[in-house]
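run23.cif (mmCIF, C-alpha atoms)
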data_start
loop_
_atom_site.label_atom_id
_atom_site.label_comp_id
_atom_site.auth_asym_id
_atom_site.auth_seq_id
_atom_site.Cartn_x
_atom_site.Cartn_y
_atom_site.Cartn_z
CA MET A 11 30.61 26.39 19.89
CA THR A 12 34.02 26.57 18.21
CA ALA A 13 34.61 27.92 14.72
CA ALA A 14 35.33 24.41 13.46
CA ALA A 15 32.04 23.05 14.70
CA PRO A 16 29.75 24.83 12.20
CA ALA A 17 31.96 23.67 9.30
CA GLU A 18 31.72 20.10 10.53
CA MET A 19 27.97 20.34 10.89
CA ARG A 20 27.55 21.70 7.36
CA GLY A 21 28.53 18.36 5.89
CA ARG A 22 26.84 16.21 8.52
CA PRO A 23 23.25 16.46 7.15
CA TRP A 24 24.30 15.14 3.75
CA LEU A 25 26.21 12.25 5.32
CA MET A 26 23.12 11.39 7.37
CA LEU A 27 20.98 11.59 4.22
CA VAL A 28 23.28 9.26 2.26
CA VAL A 29 23.41 6.64 5.02
CA ALA A 30 19.66 6.84 5.61
CA THR A 31 18.94 6.49 1.88
CA ALA A 32 21.21 3.44 1.71
CA GLY A 33 19.27 1.92 4.60
CA PHE A 34 15.98 2.57 2.84
CA ALA A 35 17.30 0.87 -0.31
CA VAL A 36 18.72 -2.16 1.51
CA ASN A 37 15.55 -2.77 3.51
CA PHE A 38 13.31 -2.31 0.47
CA TRP A 39 15.52 -4.79 -1.38
CA ALA A 40 14.69 -7.31 1.36
CA TRP A 41 11.02 -6.25 1.42
CA ALA A 42 10.62 -7.06 -2.29
CA LEU A 43 12.42 -10.41 -2.40
CA LEU A 44 9.28 -12.47 -2.95
CA SER A 45 7.81 -10.36 -5.75
CA PRO A 46 10.08 -11.48 -8.62
CA LEU A 47 9.79 -15.12 -7.54
CA GLY A 48 5.98 -15.24 -7.42
CA PRO A 49 5.41 -16.03 -11.13
CA MET A 50 8.28 -18.53 -11.06
CA PHE A 51 6.76 -20.45 -8.14
CA ARG A 52 3.47 -20.63 -10.04
CA ASP A 53 5.02 -21.79 -13.32
CA THR A 54 7.36 -24.42 -11.87
CA GLY A 55 4.82 -25.92 -9.50
CA ALA A 56 7.45 -26.08 -6.76
CA LEU A 57 4.83 -25.05 -4.18
CA GLY A 58 1.98 -27.04 -5.68
CA VAL A 59 -0.72 -25.64 -7.93
CA LEU A 60 -0.91 -21.86 -7.52
CA ASP A 61 -3.37 -19.60 -9.33
CA GLU A 62 -3.14 -15.85 -9.97
CA SER A 63 -4.75 -14.98 -6.64
CA ASP A 64 -2.23 -17.11 -4.73
CA VAL A 65 0.68 -15.31 -6.37
CA ALA A 66 -0.94 -11.94 -5.66
CA LEU A 67 -1.38 -12.86 -1.99
CA LEU A 68 2.21 -14.07 -1.67
CA VAL A 69 3.70 -10.82 -2.94
CA ALA A 70 1.15 -8.60 -1.19
CA VAL A 71 1.48 -9.90 2.40
CA PRO A 72 4.86 -8.20 3.08
CA VAL A 73 3.41 -4.98 1.67
CA LEU A 74 0.45 -5.08 4.04
CA VAL A 75 2.50 -5.83 7.15
CA GLY A 76 5.13 -3.23 6.27
CA SER A 77 2.41 -0.68 5.75
CA PHE A 78 0.64 -1.00 9.08
CA GLY A 79 3.96 -1.45 10.84
CA ARG A 80 4.91 2.05 9.75
CA ILE A 81 2.37 3.49 12.16
CA VAL A 82 4.31 2.10 15.10
CA ALA A 83 7.74 2.64 13.51
CA GLY A 84 7.04 6.32 12.86
CA ALA A 85 5.86 6.91 16.42
CA LEU A 86 8.88 5.03 17.83
CA THR A 87 11.20 7.14 15.67
CA ASP A 88 9.71 10.32 17.12
CA ARG A 89 10.53 8.87 20.55
CA TYR A 90 13.88 7.08 20.08
CA GLY A 91 15.30 8.62 16.90
CA GLY A 92 16.56 7.17 13.65
CA ARG A 93 19.97 6.36 15.10
CA VAL A 94 18.33 3.55 17.09
CA MET A 95 15.57 2.59 14.68
CA PHE A 96 17.58 2.16 11.46
CA PRO A 97 19.87 -0.57 12.82
CA ALA A 98 16.97 -2.11 14.77
CA VAL A 99 14.74 -2.54 11.72
CA SER A 100 17.64 -3.80 9.60
CA GLY A 101 18.72 -6.30 12.25
CA VAL A 102 15.23 -7.68 12.83
CA THR A 103 14.66 -8.10 9.08
CA ILE A 104 17.56 -10.56 8.88
CA LEU A 105 15.50 -13.16 10.76
CA PRO A 106 12.64 -13.63 8.25
CA VAL A 107 15.06 -13.41 5.32
CA LEU A 108 17.04 -16.37 6.67
CA PHE A 109 13.86 -18.20 7.70
CA ILE A 110 12.64 -18.08 4.10
CA ALA A 111 16.05 -19.20 2.79
CA PHE A 112 16.42 -22.27 4.99
CA PHE A 113 12.87 -23.33 5.94
CA ALA A 114 10.18 -21.92 3.64
CA LEU A 115 11.11 -22.34 -0.02
CA ASP A 116 9.18 -25.59 -0.44
CA SER A 117 6.01 -24.57 1.40
CA PHE A 118 3.44 -21.96 0.39
CA ALA A 119 2.20 -21.65 3.98
CA LEU A 120 5.71 -21.09 5.36
CA LEU A 121 6.43 -18.57 2.61
CA LEU A 122 3.36 -16.62 3.67
CA LEU A 123 4.59 -16.75 7.27
CA GLY A 124 8.07 -15.58 6.27
CA GLY A 125 6.56 -12.88 4.07
CA PHE A 126 4.48 -11.66 7.00
CA PHE A 127 7.58 -10.96 9.11
CA LEU A 128 9.50 -9.75 6.07
CA GLY A 129 7.08 -6.86 6.15
CA VAL A 130 9.15 -5.37 8.99
CA ALA A 131 11.60 -4.15 6.35
CA GLY A 132 8.89 -1.98 4.82
CA THR A 133 8.55 0.07 8.01
CA VAL A 134 11.95 1.69 7.45
CA PHE A 135 10.35 4.46 5.40
CA ALA A 136 8.61 5.85 8.48
CA VAL A 137 11.98 5.85 10.24
CA GLY A 138 13.81 7.80 7.55
CA VAL A 139 11.43 10.66 6.80
CA PRO A 140 11.42 12.24 10.31
CA PHE A 141 15.15 11.49 10.67
CA VAL A 142 16.05 13.29 7.42
CA ASN A 143 13.52 16.07 7.93
CA ALA A 144 15.12 16.99 11.28
CA TRP A 145 18.54 17.43 9.64
CA PHE A 146 17.46 19.91 6.94
CA PRO A 147 16.05 23.44 7.16
CA PRO A 148 12.30 23.84 6.76
CA GLU A 149 12.61 25.90 3.55
CA ARG A 150 13.87 22.92 1.51
CA PRO A 151 12.47 19.69 2.91
CA GLY A 152 11.18 18.43 -0.43
CA LEU A 153 14.55 17.79 -2.06
CA ALA A 154 16.09 16.06 0.96
CA ILE A 155 13.08 13.83 1.62
CA GLY A 156 12.77 13.19 -2.10
CA ILE A 157 16.38 12.02 -2.27
CA PHE A 158 15.74 9.75 0.69
CA GLY A 159 12.62 8.47 -1.02
CA ALA A 160 14.72 7.38 -3.98
CA GLY A 161 15.82 4.53 -1.72
CA MET A 162 12.61 2.81 -2.83
CA GLY A 163 14.80 1.79 -5.74
CA GLY A 164 15.82 -1.12 -3.54
CA THR A 165 12.89 -2.89 -5.18
CA ALA A 166 14.75 -2.55 -8.49
CA ILE A 167 17.80 -4.24 -6.98
CA SER A 168 15.57 -7.13 -6.02
CA ALA A 169 13.95 -7.23 -9.44
CA LEU A 170 17.28 -7.30 -11.26
CA THR A 171 19.09 -9.81 -9.05
CA THR A 172 16.69 -12.15 -7.28
CA VAL A 173 15.62 -14.40 -10.17
CA GLN A 174 19.11 -14.58 -11.63
CA LEU A 175 20.71 -15.48 -8.30
CA PHE A 176 17.91 -17.95 -7.52
CA THR A 177 18.34 -19.84 -10.80
CA GLU A 178 22.12 -19.58 -11.27
CA GLN A 179 23.59 -19.54 -7.77
CA GLY A 180 21.05 -21.59 -5.86
CA GLU A 181 17.63 -20.89 -4.40
CA ARG A 182 19.03 -19.65 -1.09
CA ALA A 183 21.55 -17.25 -2.65
CA PRO A 184 19.42 -14.08 -2.96
CA PHE A 185 18.25 -14.39 0.64
CA VAL A 186 21.65 -15.12 2.16
CA ILE A 187 23.27 -12.24 0.25
CA THR A 188 20.52 -9.86 1.34
CA ALA A 189 20.90 -10.97 4.98
CA VAL A 190 24.65 -10.26 4.85
CA VAL A 191 24.06 -6.79 3.39
CA LEU A 192 21.46 -6.06 6.07
CA ALA A 193 23.92 -7.09 8.79
CA VAL A 194 26.65 -4.87 7.36
CA TYR A 195 24.26 -1.93 7.12
CA ALA A 196 22.99 -2.41 10.67
CA ALA A 197 26.56 -2.20 11.97
CA VAL A 198 27.49 0.80 9.81
CA SER A 199 24.33 2.74 10.65
CA TRP A 200 24.84 2.18 14.37
CA GLY A 201 28.34 3.60 14.11
CA VAL A 202 27.66 6.50 11.73
CA LEU A 203 24.12 7.78 12.21
CA ARG A 204 23.39 10.52 14.72
CA ASP A 205 20.08 12.24 15.42
CA ALA A 206 19.86 15.94 14.58
CA PRO A 207 20.90 18.39 17.33
CA GLY A 208 17.91 19.88 19.09
CA ARG A 209 15.56 17.08 18.07
CA THR A 210 12.31 17.41 19.98
CA VAL A 211 11.44 14.23 21.87
CA PRO A 212 7.71 13.82 22.61
CA THR A 213 6.77 13.22 26.23
CA THR A 214 3.25 11.89 25.76
CA GLY A 215 2.36 8.23 25.35
CA LEU A 216 2.32 6.37 22.03
CA LEU A 217 -1.46 6.00 21.81
CA THR A 218 -2.01 9.63 22.72
CA ARG A 219 0.34 10.77 19.97
CA LEU A 220 -1.21 8.43 17.40
CA SER A 221 -4.67 9.74 18.22
CA ALA A 222 -3.55 13.38 18.02
CA ASN A 223 -1.73 12.85 14.72
CA ALA A 224 -4.69 11.02 13.21
CA ARG A 225 -6.93 14.04 13.89
CA LEU A 226 -4.76 16.45 11.88
CA PRO A 227 -6.41 17.41 8.56
CA ILE A 228 -3.16 16.95 6.66
CA THR A 229 -2.92 13.36 7.90
CA TRP A 230 -6.06 11.97 6.28
CA GLN A 231 -5.57 14.13 3.19
CA ALA A 232 -1.98 12.97 2.70
CA CYS A 233 -3.09 9.38 3.35
CA ILE A 234 -5.31 9.55 0.28
CA LEU A 235 -2.65 11.28 -1.83
CA TYR A 236 0.01 8.75 -0.90
CA ALA A 237 -2.28 5.73 -1.18
CA VAL A 238 -2.71 6.58 -4.86
CA ALA A 239 0.85 7.77 -5.64
CA PHE A 240 3.08 5.42 -3.67
CA GLY A 241 0.41 2.73 -3.50
CA GLY A 242 0.29 2.73 -7.28
CA TYR A 243 4.06 2.47 -7.44
CA VAL A 244 4.15 -0.46 -5.01
CA ALA A 245 1.28 -2.21 -6.78
CA PHE A 246 3.03 -1.98 -10.15
CA SER A 247 6.41 -2.94 -8.73
CA VAL A 248 5.05 -6.15 -7.20
CA TYR A 249 2.48 -7.09 -9.84
CA LEU A 250 3.89 -5.75 -13.10
CA PRO A 251 5.97 -8.89 -13.89
CA ALA A 252 2.86 -11.08 -13.66
CA TYR A 253 0.79 -8.58 -15.66
CA LEU A 254 3.35 -8.25 -18.47
CA LYS A 255 3.80 -12.00 -18.67
CA VAL A 256 0.08 -12.71 -18.97
CA ALA A 257 -1.21 -9.65 -20.85
CA HIS A 258 1.70 -9.20 -23.26
CA GLY A 259 3.22 -12.67 -23.43
CA LEU A 260 6.67 -11.68 -22.18
CA THR A 261 9.12 -14.13 -20.67
CA ALA A 262 9.63 -13.94 -16.90
CA ALA A 263 13.10 -12.40 -17.34
CA ASP A 264 11.90 -9.78 -19.84
CA ALA A 265 8.92 -8.89 -17.64
CA VAL A 266 11.15 -8.40 -14.60
CA SER A 267 13.58 -6.25 -16.63
CA ARG A 268 10.77 -3.99 -17.80
CA MET A 269 9.46 -3.74 -14.25
CA ALA A 270 12.94 -2.65 -13.17
CA GLY A 271 12.81 0.11 -15.80
CA PHE A 272 9.45 1.24 -14.43
CA VAL A 273 10.91 1.33 -10.91
CA LEU A 274 13.99 3.24 -12.05
CA VAL A 275 11.91 6.00 -13.64
CA ALA A 276 9.77 6.33 -10.50
CA VAL A 277 12.86 6.41 -8.28
CA VAL A 278 14.55 9.14 -10.31
CA LEU A 279 11.42 11.28 -10.39
CA ARG A 280 10.76 11.08 -6.66
CA PRO A 281 13.48 13.60 -5.65
CA VAL A 282 12.55 15.65 -8.70
CA GLY A 283 9.01 15.85 -7.34
CA GLY A 284 10.37 17.03 -4.00
CA TRP A 285 12.64 19.61 -5.64
CA LEU A 286 9.80 20.95 -7.80
CA SER A 287 7.64 21.19 -4.69
CA ASP A 288 10.30 23.31 -2.98
CA ARG A 289 10.35 25.66 -5.98
CA PHE A 290 6.72 25.83 -7.07
CA GLY A 291 4.72 24.30 -4.22
CA ALA A 292 3.48 20.77 -3.72
CA ILE A 293 -0.05 21.33 -5.01
CA PRO A 294 0.88 21.96 -8.70
CA VAL A 295 3.23 18.97 -8.68
CA LEU A 296 0.58 16.71 -7.18
CA ALA A 297 -2.08 17.92 -9.60
CA GLY A 298 0.15 17.33 -12.61
CA SER A 299 1.09 13.86 -11.35
CA TYR A 300 -2.48 12.68 -10.88
CA GLY A 301 -3.47 14.12 -14.25
CA VAL A 302 -0.80 12.01 -15.96
CA ILE A 303 -1.95 8.89 -14.09
CA VAL A 304 -5.55 9.47 -15.22
CA VAL A 305 -4.49 9.49 -18.87
CA GLY A 306 -1.81 6.79 -18.63
CA ALA A 307 -4.04 4.26 -16.87
CA ALA A 308 -6.90 4.86 -19.32
CA ILE A 309 -4.56 4.23 -22.27
CA SER A 310 -3.07 1.12 -20.66
CA ALA A 311 -6.53 -0.35 -20.11
CA ALA A 312 -6.76 -0.86 -23.89
CA THR A 313 -3.56 -3.01 -23.76
CA PRO A 314 -1.70 -1.13 -26.51
CA PRO A 315 1.47 -2.81 -27.85
CA LEU A 316 4.59 -2.34 -25.74
CA ASP A 317 6.71 -1.32 -28.70
CA GLY A 318 4.94 2.05 -28.82
CA VAL A 319 2.16 3.70 -26.87
CA GLY A 320 2.02 0.97 -24.22
CA THR A 321 5.55 1.56 -22.96
CA VAL A 322 5.16 5.35 -23.11
CA ALA A 323 1.99 5.15 -21.01
CA PHE A 324 3.57 2.96 -18.36
CA LEU A 325 6.76 5.05 -18.11
CA ALA A 326 4.69 8.25 -17.90
CA MET A 327 2.75 6.73 -15.02
CA ALA A 328 6.01 5.68 -13.36
CA ALA A 329 7.28 9.26 -13.55
CA ALA A 330 4.00 10.64 -12.19
CA LEU A 331 3.82 8.12 -9.34
CA GLY A 332 7.40 8.92 -8.32
CA ALA A 333 6.95 12.70 -8.49
CA GLY A 334 3.62 12.50 -6.67
CA SER A 335 5.17 10.44 -3.87
CA GLY A 336 7.96 12.99 -3.41
CA ALA A 337 5.52 15.90 -3.47
CA THR A 338 3.28 14.31 -0.84
CA PHE A 339 6.01 14.33 1.79
CA ALA A 340 7.20 17.78 0.78
CA LEU A 341 3.66 18.87 1.60
CA ILE A 342 3.69 17.03 4.95
CA ALA A 343 7.04 18.60 5.93
CA ALA A 344 5.73 22.06 5.02
CA VAL A 345 2.52 21.92 7.06
CA THR A 346 3.40 19.63 10.01
CA ASP A 347 5.21 20.41 13.27
CA PRO A 348 8.67 18.74 13.14
CA SER A 349 8.05 16.80 16.36
CA ARG A 350 5.02 15.15 14.75
CA VAL A 351 6.47 14.35 11.33
CA GLY A 352 7.34 10.78 12.32
CA GLY A 353 3.88 10.00 13.60
CA VAL A 354 2.16 11.54 10.60
CA THR A 355 4.62 9.80 8.27
CA GLY A 356 3.80 6.46 9.86
CA LEU A 357 0.08 6.88 9.28
CA VAL A 358 0.54 8.19 5.74
CA GLY A 359 3.09 5.50 4.94
CA ALA A 360 0.62 2.88 6.11
CA ALA A 361 -1.96 4.27 3.73
CA GLY A 362 0.56 4.17 0.90
CA GLY A 363 1.39 0.56 1.58
CA LEU A 364 -2.28 -0.35 1.84
CA GLY A 365 -2.77 1.33 -1.50
CA GLY A 366 -0.14 -1.06 -2.82
CA PHE A 367 -1.67 -4.11 -1.14
CA LEU A 368 -5.17 -3.98 -2.55
CA PRO A 369 -4.60 -3.47 -6.33
CA PRO A 370 -2.63 -6.72 -6.90
CA LEU A 371 -5.37 -8.69 -5.14
CA LEU A 372 -8.05 -6.85 -7.11
CA MET A 373 -6.21 -7.34 -10.40
CA GLY A 374 -5.78 -11.05 -9.71
CA PHE A 375 -9.45 -11.39 -8.71
CA VAL A 376 -10.75 -9.52 -11.77
CA TYR A 377 -8.47 -11.33 -14.18
CA GLY A 378 -9.45 -14.71 -12.75
CA ARG A 379 -13.08 -13.98 -13.65
CA THR A 380 -12.78 -11.91 -16.82
CA GLU A 381 -9.32 -12.79 -18.22
CA SER A 382 -8.81 -9.03 -18.66
CA TYR A 383 -6.87 -6.37 -16.76
CA ALA A 384 -8.81 -3.47 -18.33
CA ILE A 385 -11.26 -3.08 -15.44
CA GLY A 386 -8.46 -2.77 -12.88
CA LEU A 387 -6.61 -0.14 -14.91
CA LEU A 388 -9.80 1.84 -15.52
CA LEU A 389 -10.43 1.84 -11.77
CA LEU A 390 -6.94 3.30 -11.29
CA SER A 391 -7.73 6.05 -13.78
CA ILE A 392 -10.99 6.90 -12.02
CA THR A 393 -9.31 6.87 -8.60
CA ALA A 394 -6.58 9.23 -9.84
CA ALA A 395 -9.23 11.59 -11.24
CA LEU A 396 -10.98 11.75 -7.87
CA THR A 397 -7.64 12.35 -6.13
CA LEU A 398 -6.86 15.16 -8.56
CA ALA A 399 -10.15 16.83 -7.61
CA LEU A 400 -9.34 16.44 -3.90
CA THR A 401 -5.89 17.98 -4.44
CA LEU A 402 -7.24 21.06 -6.19
CA THR A 403 -9.91 21.72 -3.54
CA VAL A 404 -9.52 20.41 0.01
CA VAL A 405 -5.75 19.86 0.04
CA ARG A 406 -5.10 23.24 -1.56
CA ARG A 407 -7.09 24.95 1.21
CA THR A 408 -5.13 23.10 3.91
CA ALA A 409 -1.82 24.18 2.40
CA HIS A 410 -3.02 27.77 1.97
CA ARG A 411 -4.11 28.01 5.63
CA GLN A 412 -0.66 26.88 6.76
CA VAL A 413 1.14 29.41 4.54
CA SER A 414 -1.16 32.19 5.77
CA ARG A 415 -0.26 31.61 9.44
#
Is it possible to give me this structure as structure tokens?
Amino acid sequence: MTAAAPAEMRGRPWLMLVVATAGFAVNFWAWALLSPLGPMFRDTGALGVLDESDVALLVAVPVLVGSFGRIVAGALTDRYGGRVMFPAVSGVTILPVLFIAFFALDSFALLLLGGFFLGVAGTVFAVGVPFVNAWFPPERPGLAIGIFGAGMGGTAISALTTVQLFTEQGERAPFVITAVVLAVYAAVSWGVLRDAPGRTVPTTGLLTRLSANARLPITWQACILYAVAFGGYVAFSVYLPAYLKVAHGLTAADAVSRMAGFVLVAVVLRPVGGWLSDRFGAIPVLAGSYGVIVVGAAISAATPPLDGVGTVAFLAMAAALGAGSGATFALIAAVTDPSRVGGVTGLVGAAGGLGGFLPPLLMGFVYGRTESYAIGLLLLSITAALTLALTLTVVRRTAHRQVSR
């Protein structure tokens, strides 16, 4: 290797991280396109008479598909690398985005079909984590993966632009613009991204690797951690506009703006959670995060006014959900063989997405029968308390065994 080569390589990981994070943001922008429009479809009657459960199903279907798709996407990334998978996922996502724009906006059934395939965009997370992890040294995976994880802020882009473009520029505008951005990113990522030198390519079959990864203790433990942390973030990001509109009487635009603020706080705190995990260990960060969620959800269940305690509780939960999400993957990177990070990430990412799929449906179901969101928020508080106990016992022992090796 020449003297110039190491200098070139020193900057390469950060370039790969920036491009990968941009891809995460762009695909999550596409993944969340239906969420801001759900309450609008219900209020305008453009799709017929929709109730709260219909809206919850519409915004949750892409989440579910994207979640389970991560299992396959993570395993394929271990095999083919992020250089192939990033442009592939971005290119495929263009198809459902354009289908919704030109064929589905006047049909609830077709919107559900488009939303199903839109879920492909959500699999990009399982592509990026092993790709980024391979480019950075094992002593500081938390910060790099946390920065990549901030790409989940693509949901904020959707929240801030979709309704405005839909109402002011035409109903197809947000979808066409997103499709163009996806196409540009697919071309750029194909030309710029490179897999890390020395990347270990698995030689066993897909099903064999999935089975082996599923049997790792860290896999099922991290699945629970991430289902609560990232699942909570996804659930709030897709359902918060409807909740704020109904429970607090906000306008659709104001509700979406406040949801964007929630997302922004979570996005900023995700790399912070990874950085803190590099410095102090993932377990203290996870424990602190779940403790905040316990308190914040319990306070929110009482529906305090948003001009005081209510906003503080929601923003505190946003910070905790973001930090907890970052800490979860710092933990995975620290205790998992690099060649298996993609497979484990896929399984854990699926659990996180599933954690985001169920709460909106549950909240819609409970509200439809009680006209109250308190039960759903209290269930979140109880779930976070149980996860805190798991973190301080079983997960702590798993991390300790790895460090002691």
Exercise. Which residues come within 6 Å of region 356-370 of chain A, counting only C-alpha atoms, excluding same-chain residues fewer than 4 positions away, as JSON, numbers by chain?
Worked result: {"A": [66, 70, 73, 74, 77, 78, 80, 81, 84, 136, 233, 236, 237, 240, 241, 242, 244, 245, 249]}
Problem set entry | Straight-line distance linking CA of Val266 (chain A) with CA of Phe246 (chain A), stated in Å to one decimal |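 For CA of Val266 (chain A) relative to CA of Phe246 (chain A), the distance reads 11.3 Å.
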For this session: Carefully work through the PyMOL selection byres ((chain A and resi 220) around 9) for this structure and note down the residues it includes, as a ChimeraX atom specification.
Result: /A:81-82,85,215-219,221-225,353-354,357
For this session: For the structure shown, which residues end up in the PyMOL selection byres ((chain A and resi 201) around 12)? Put them as number ranges by chain, please?
Result: A: 26, 29, 93-94, 96-97, 194-200, 202-204
For this session: Taking the file above as input, evaluate the PyMOL selection byres ((chain A and resi 289) around 12) and report the hits as a PyMOL selection string.
Result: chain A and resi 149-153+282-288+290-295+337+340
Problem set entry | Of the listed residues A:Gly132, A:Pro251, A:Pro49, A:Gly320, that which approaches Asp64 (chain A) most closely, counting all atoms listed in the file |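 Result for the nearest residue to Asp64 (chain A): A:Pro49.
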What are the centre and the three edge lengths of an axis-aligned box that wraps all atoms of region 102-121 of chain A in the file, given that 3 Å is added to every side, written as AutoDock Vina command-line options and rounded to one decimal in Å?
--center_x 9.9 --center_y -16.6 --center_z 6.2 --size_x 21.4 --size_y 23.9 --size_z 19.3
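Ranking A:Val99, A:Leu390, A:Ala183, A:Leu67 by their shortest atom-to-atom distance to Leu122 (chain A), with all atoms listed in the file included, puts A:Leu67 first.
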Exercise. Neighbours of Ile155 (chain A) within 10 Å (all atoms listed in the file; same-chain residues fewer than 4 positions away dropped), as a PyMOL selection string?
Worked result: chain A and resi 27+31+138-143+146+150-151+159-160+280-281+284-285+336-337+339-340+343
Surrounding residues of Asp116 (chain A) excluding itself and chain neighbours under 5 positions, 10 Å, only C-alpha atoms, as a compact mmCIF listing (two decimals) with C-alpha atoms, keeping the file's coordinate frame:
# COMPACT_ATOMS: atom_id res chain seq x y z
CA PHE A 51 6.76 -20.45 -8.14
CA ALA A 56 7.45 -26.08 -6.76
CA LEU A 57 4.83 -25.05 -4.18
CA GLY A 58 1.98 -27.04 -5.68
CA ILE A 110 12.64 -18.08 4.10
CA ALA A 111 16.05 -19.20 2.79
CA LEU A 121 6.43 -18.57 2.61
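Neighbours of region 176-182 of chain A closer than or equal to 10 Å, with all atoms listed in the file counted and sequence neighbours fewer than 5 positions away skipped, come out as Leu47, Val107, Leu108, Ile110, Ala111, Phe112, Leu115, Thr171 and Ile187 of chain A.
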Problem set entry | Which of A:Val71, A:Val211, A:Val190, A:Ala326 sits closest to Gly352 (chain A) [using only C-alpha atoms] | A:Val211
Seminar exercise, completed: Shortest contact to Val277 (chain A), candidates A:Ala399, A:Ala83, A:Leu389, A:Ile157, atoms counted all atoms listed in the file, goes to A:Ile157
For this session: Give me, please, the distance in Å between CA of Tyr243 (chain A) and CA of Gly259 (chain A), quoted to one decimal.
Result: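 These atoms are spaced 22.0 Å apart.
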Exercise. When distances are computed from only C-alpha atoms, which of A:Arg411, A:Arg268, A:Arg209, A:Arg89 shows the smallest separation from Trp145 (chain A)?
Worked result: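 Of the candidates, the smallest distance to Trp145 (chain A) is held by A:Arg209.
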For this session: Go through A:Asn37, A:Thr87, A:Ser391, A:Ser168 one by one, measure the shortest atom-to-atom distance of each to Leu128 (chain A) using all atoms listed in the file, and give the residue with the smallest value.
Result: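 For Leu128 (chain A), the nearest of the candidates is A:Asn37.
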